[in-house]
Structure formats: C-alpha cells, structure tokens
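S.K.: Once you've had a glance at the structure underneath, I'll fire off some questions.
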Amino acid sequence: MTELLRQSFFARDALVVARDLIGCVLVHGEVALRITETEAYRHPHDTASHCRPGFTARTAPMWGPPGHVYVYLCYGIHSLLNLVTDDEGEGAAVLIRSAELERGAEIVHARRGVRSADEVALLAGPGKVCAALALDPGFSGRSVFVPGGLEVHGGEPVREVLVGPRVGVDYAAPLDRDAPYRFADAGSRVVTRRRTLRPLVRFPR
DNA sequence: TGAGCGATTAAA
DNA sequence: TTAATCGCTCAT
C-alpha cells in the first residue's frame, strides 16, 4: 500500500507537488509521519523563496535535482524540512509544515523539541516536524531515494484539501505574500493558522 | 570577521 | 498579539 514515491512525482511544479504531498508519509528510521500541511516555494522569482538571491552554498540543494532534501536552520533554533521539486536548476521546493505521528512515538518523545505527550501526536509547525524526524541542516542535500535515509511514501488520498497563503513571509512582495501556496488536509486537526485556509476548488475537466 | 536577520514557537 | 531567541549566512 505504501509505495515509495518516484522522482517523477517530485519533478513537477512545486504547487502540484505541495498539494499531492498532503496525506503522504515521511519515514526516517523508526519514525513515520503523515503529512498534513505543506507550502510551495516555486521559483527564484518568488520573493518569499530562499532561491530569490540566487545560488548560495546554503540553498544549493534547492537548485539541484528533484527528490532531494533541503534543510535549513531558522531563528537559530529550528530546522525546517523541504523537498526539492521541479527540474534541476529551477530552484523550487515544498516545505513540510505539519504532520501526524504514525509510528515511533516513544522515540519522538525522547527527542528535543517535543515536551508533552500531546505534542508527540500533534506535530503542528515545521520545527516540530523536523525535530520528530531528527533532521538538521547536516542532512541537507541528501536524496529521498536512498534506502535508510529519509523516505517519502504515498498515502491514502485525502477527502478535502484546504488552500491559503503561506506563513511567515511578510517580507515578500504582496503578490507572493498573499499567493495561495499553502495546502492542508481538511480532515486533520494538525494544521496551523486554519482560519486563513479555504476549501480547494477542483475544476471539472 | 561580524552585523543582521529569520519559511518559529509558546505564552498570554 | 508579543517577545525571546541565537546560530548561521553572506558580503566585507
């Protein structure tokens, strides 16, 4: 049932990948998380993206091939997990913002950044997701197709997807700041800033 | 070498 | 809504 996602899954527009990652499962060692919230950082023209200033040592993985990991340190404290999308050289990725703990509660409980039993199951916020998976910037640049590393599995399709603006990007140009690049599982209670999200309308084909 | 800053978090 | 926070990035 849980099938490893292939590179073709990631080699698409970050917007599409961000939406499709909702409900998918991150596996790192004994810990498995079901993704409930994501954000797309589409390309260097996106003024909210770390790729905006051009190629740097830190963002090198984001410019690399799809299906690789970009982890960086935020506020000097929190590690944030991204999955690189689009084609190599595009400079796009999806930020994993929230997740539900599926497996490995004992281990996650012992890890830094997770204090209470409630926080163990409710990984709302990108810093907590990374802490639960025990990922730090040293992991940045790794591939998700290498066994034993961070794996991304397909999951049950979600009933309804929510969409809305990204969090913490007030520094960006208004158009990017307000762009509906954040997605979430409407059926999960592990979602941040829910009131700013609306049901995603799917157009008939 | 260091000034500036941040894709957050928790508490109120 | 607000404040704490601190290691890292990148341009000198």
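By convention in this document, the chains of the structure tokens carry letters A, B, ... by their order, each chain's residues are numbered from 1, and ligands are numbered from 1 in the order they are shown.
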Name the residues in contact with DG6 (chain B) at a cut-off of 10 Å, using only C-alpha atoms (C1' of nucleotides), excluding same-chain residues fewer than 2 positions from it; report them as a PDB file with N, CA and C atoms (P, O5', C5', C4', C3', O3' and C1' of nucleotides), in the first residue's frame.
M.R.:
ATOM      1  N   LEU A  73      18.385  26.065   9.015  1.00  0.00           N
ATOM      2  CA  LEU A  73      18.124  26.472  10.383  1.00  0.00           C
ATOM      3  C   LEU A  73      17.408  27.811  10.396  1.00  0.00           C
ATOM      4  N   CYS A  74      16.314  27.881  11.132  1.00  0.00           N
ATOM      5  CA  CYS A  74      15.511  29.097  11.186  1.00  0.00           C
ATOM      6  C   CYS A  74      15.544  29.674  12.595  1.00  0.00           C
ATOM      7  N   TYR A  75      15.681  30.978  12.718  1.00  0.00           N
ATOM      8  CA  TYR A  75      15.727  31.647  14.013  1.00  0.00           C
ATOM      9  C   TYR A  75      16.832  31.071  14.898  1.00  0.00           C
ATOM     10  N   GLY A  76      17.835  30.512  14.275  1.00  0.00           N
ATOM     11  CA  GLY A  76      18.964  29.986  15.018  1.00  0.00           C
ATOM     12  C   GLY A  76      18.649  28.774  15.857  1.00  0.00           C
ATOM     13  N   GLY A 168       4.480  33.388   7.626  1.00  0.00           N
ATOM     14  CA  GLY A 168       5.794  33.956   7.938  1.00  0.00           C
ATOM     15  C   GLY A 168       6.548  34.519   6.768  1.00  0.00           C
ATOM     16  N   VAL A 169       5.838  34.968   5.725  1.00  0.00           N
ATOM     17  CA  VAL A 169       6.526  35.503   4.543  1.00  0.00           C
ATOM     18  C   VAL A 169       6.134  36.962   4.277  1.00  0.00           C
TER      19      VAL A 169
ATOM     20  P    DG B   4      23.807  46.164  11.849  1.00  0.00           P
ATOM     21  O5'  DG B   4      22.913  45.035  11.174  1.00  0.00           O
ATOM     22  C5'  DG B   4      23.196  44.624   9.842  1.00  0.00           C
ATOM     23  C4'  DG B   4      22.308  43.461   9.474  1.00  0.00           C
ATOM     24  C3'  DG B   4      20.874  43.587  10.002  1.00  0.00           C
ATOM     25  O3'  DG B   4      20.001  43.319   8.934  1.00  0.00           O
ATOM     26  C1'  DG B   4      21.799  41.492  10.653  1.00  0.00           C
ATOM     27  P    DT B   8       7.844  30.179   9.814  1.00  0.00           P
ATOM     28  O5'  DT B   8       9.004  30.072  10.921  1.00  0.00           O
ATOM     29  C5'  DT B   8       9.667  28.847  11.164  1.00  0.00           C
ATOM     30  C4'  DT B   8       9.671  28.508  12.640  1.00  0.00           C
ATOM     31  C3'  DT B   8       8.319  28.065  13.188  1.00  0.00           C
ATOM     32  O3'  DT B   8       8.507  26.843  13.890  1.00  0.00           O
ATOM     33  C1'  DT B   8       9.198  29.821  14.527  1.00  0.00           C
TER      34       DT B   8
END
S.K.: For region 7-15 of chain A, find every residue with an atom within 7 Å (counting only C-alpha atoms (C1' of nucleotides)), except residues of its own chain fewer than 6 positions away, and show them as a short mmCIF file (atom, residue, chain, number, x, y, z; two decimals) with N, CA and C atoms, in the first residue's frame.
M.R.:
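Resulting contents of out13.cif:
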data_model
loop_
_atom_site.label_atom_id
_atom_site.label_comp_id
_atom_site.auth_asym_id
_atom_site.auth_seq_id
_atom_site.Cartn_x
_atom_site.Cartn_y
_atom_site.Cartn_z
N ALA A 40 4.43 25.66 -0.92
CA ALA A 40 5.24 25.63 -2.13
C ALA A 40 6.08 26.90 -2.24
N TYR A 41 7.36 26.71 -2.59
CA TYR A 41 8.24 27.83 -2.92
C TYR A 41 8.66 27.58 -4.35
N ARG A 42 8.06 28.32 -5.27
CA ARG A 42 8.02 27.89 -6.67
C ARG A 42 9.26 28.10 -7.51
N PRO A 66 15.23 17.15 -8.42
CA PRO A 66 14.05 16.91 -7.58
C PRO A 66 14.21 15.64 -6.75
N GLY A 67 13.51 15.62 -5.63
CA GLY A 67 13.59 14.45 -4.77
C GLY A 67 14.76 14.50 -3.80
N THR A 85 11.65 20.20 -5.74
CA THR A 85 10.72 19.85 -6.81
C THR A 85 11.19 20.41 -8.15
N ASP A 86 10.33 20.26 -9.15
CA ASP A 86 10.60 20.77 -10.50
C ASP A 86 11.87 20.13 -11.09
N ASP A 87 12.38 20.75 -12.15
CA ASP A 87 13.58 20.22 -12.78
C ASP A 87 14.82 20.80 -12.11
N ALA A 92 13.19 25.27 -6.76
CA ALA A 92 11.86 25.19 -6.17
C ALA A 92 11.81 24.05 -5.16
N ALA A 93 10.92 24.19 -4.16
CA ALA A 93 10.81 23.14 -3.14
C ALA A 93 9.50 23.28 -2.38
N VAL A 94 9.19 22.23 -1.64
CA VAL A 94 7.99 22.23 -0.81
C VAL A 94 8.39 22.10 0.66
N TYR A 181 -0.30 29.42 -1.75
CA TYR A 181 0.68 28.35 -1.96
C TYR A 181 0.76 27.38 -0.79
#
S.K.: Counting only C-alpha atoms (C1' of nucleotides), which residues of chain A come no farther than 12 Å from chain C, as a ChimeraX atom specification?
M.R.: /A:50,53-59,72-79,137
S.K.: Which residues in region 105-179 of chain A does DSSP call alpha helix (DSSP H)? List them as number ranges by chain.
M.R.: A: 105-110, 117-121, 126-133, 174-177
S.K.: Can you tell me how far CA of Leu81 (chain A) sits from CA of His28 (chain A), in Å to one decimal?
M.R.: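 Result for CA of Leu81 (chain A) versus CA of His28 (chain A): 12.6 Å, one decimal.
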S.K.: Would you kindly return, as a ChimeraX atom specification, each protein, DNA or RNA residue with an atom no farther than 12 Å from any atom of Leu135 (chain A), considering only C-alpha atoms (C1' of nucleotides) and excluding same-chain residues fewer than 2 positions away?
M.R.: /A:26-29,31,69-73,78-82,108,111-113,126-133,137-142,149-150
S.K.: Could you list, as number ranges by chain, every residue within 8 Å of His68 (chain A), counting only C-alpha atoms (C1' of nucleotides) and ignoring same-chain residues fewer than 6 positions away?
M.R.: A: 61-62, 83-84, 141-144
S.K.: I need the residues from that last selection saved to file as a PDB file, in the first residue's frame (with N, CA and C atoms), if you can.
M.R.:
ATOM      1  N   PRO A  61      21.100  22.737  -2.500  1.00  0.00           N
ATOM      2  CA  PRO A  61      20.198  21.598  -2.758  1.00  0.00           C
ATOM      3  C   PRO A  61      18.909  21.990  -3.465  1.00  0.00           C
ATOM      4  N   MET A  62      18.418  23.199  -3.190  1.00  0.00           N
ATOM      5  CA  MET A  62      17.156  23.638  -3.809  1.00  0.00           C
ATOM      6  C   MET A  62      17.313  23.808  -5.316  1.00  0.00           C
ATOM      7  N   LEU A  83      11.356  19.516   0.473  1.00  0.00           N
ATOM      8  CA  LEU A  83      11.619  18.526  -0.558  1.00  0.00           C
ATOM      9  C   LEU A  83      11.721  19.254  -1.884  1.00  0.00           C
ATOM     10  N   VAL A  84      12.828  19.076  -2.586  1.00  0.00           N
ATOM     11  CA  VAL A  84      13.090  19.794  -3.833  1.00  0.00           C
ATOM     12  C   VAL A  84      12.187  19.265  -4.947  1.00  0.00           C
ATOM     13  N   GLY A 141      20.677  18.197   1.295  1.00  0.00           N
ATOM     14  CA  GLY A 141      21.345  17.726   0.086  1.00  0.00           C
ATOM     15  C   GLY A 141      21.174  16.241  -0.168  1.00  0.00           C
ATOM     16  N   ARG A 142      20.676  15.505   0.831  1.00  0.00           N
ATOM     17  CA  ARG A 142      20.502  14.057   0.668  1.00  0.00           C
ATOM     18  C   ARG A 142      19.319  13.749  -0.257  1.00  0.00           C
ATOM     19  N   SER A 143      19.380  12.583  -0.869  1.00  0.00           N
ATOM     20  CA  SER A 143      18.304  12.124  -1.748  1.00  0.00           C
ATOM     21  C   SER A 143      17.274  11.339  -0.952  1.00  0.00           C
ATOM     22  N   VAL A 144      16.011  11.416  -1.367  1.00  0.00           N
ATOM     23  CA  VAL A 144      14.969  10.630  -0.692  1.00  0.00           C
ATOM     24  C   VAL A 144      14.809   9.259  -1.341  1.00  0.00           C
TER      25      VAL A 144
END
S.K.: Using DSSP on the backbone coordinates, identify the residues of region 7-166 of chain A assigned to strand (DSSP E or B); present them as number ranges by chain.
M.R.: A: 25-28, 31-41, 68-74, 78-84, 93-103, 122-124, 143, 151-153, 161-164
S.K.: For Glu151 (chain A), which residue among A:Asp20, A:Glu30, A:Glu37, A:Glu88 is the nearest when counting only C-alpha atoms?
M.R.: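 Selected residue with least distance to Glu151 (chain A): A:Glu30.
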S.K.: Considering only C-alpha atoms (C1' of nucleotides), return as a ChimeraX atom specification whatever protein or nucleic-acid residues lie within 10 Å of Ser188 (chain A), sequence-local ones (same chain, fewer than 3 positions apart) excluded.
M.R.: /A:23,35-37,99-100,122,158,160,184-185,191
S.K.: Between CA of Ala172 (chain A) and C1' of DC5 (chain B), what is the distance in Å, rounded to a tenth?
M.R.: 14.3 Å
S.K.: Just the number, please: distance in Å from CA of Val190 (chain A) to CA of Leu101 (chain A), one decimal.
M.R.: 10.1 Å
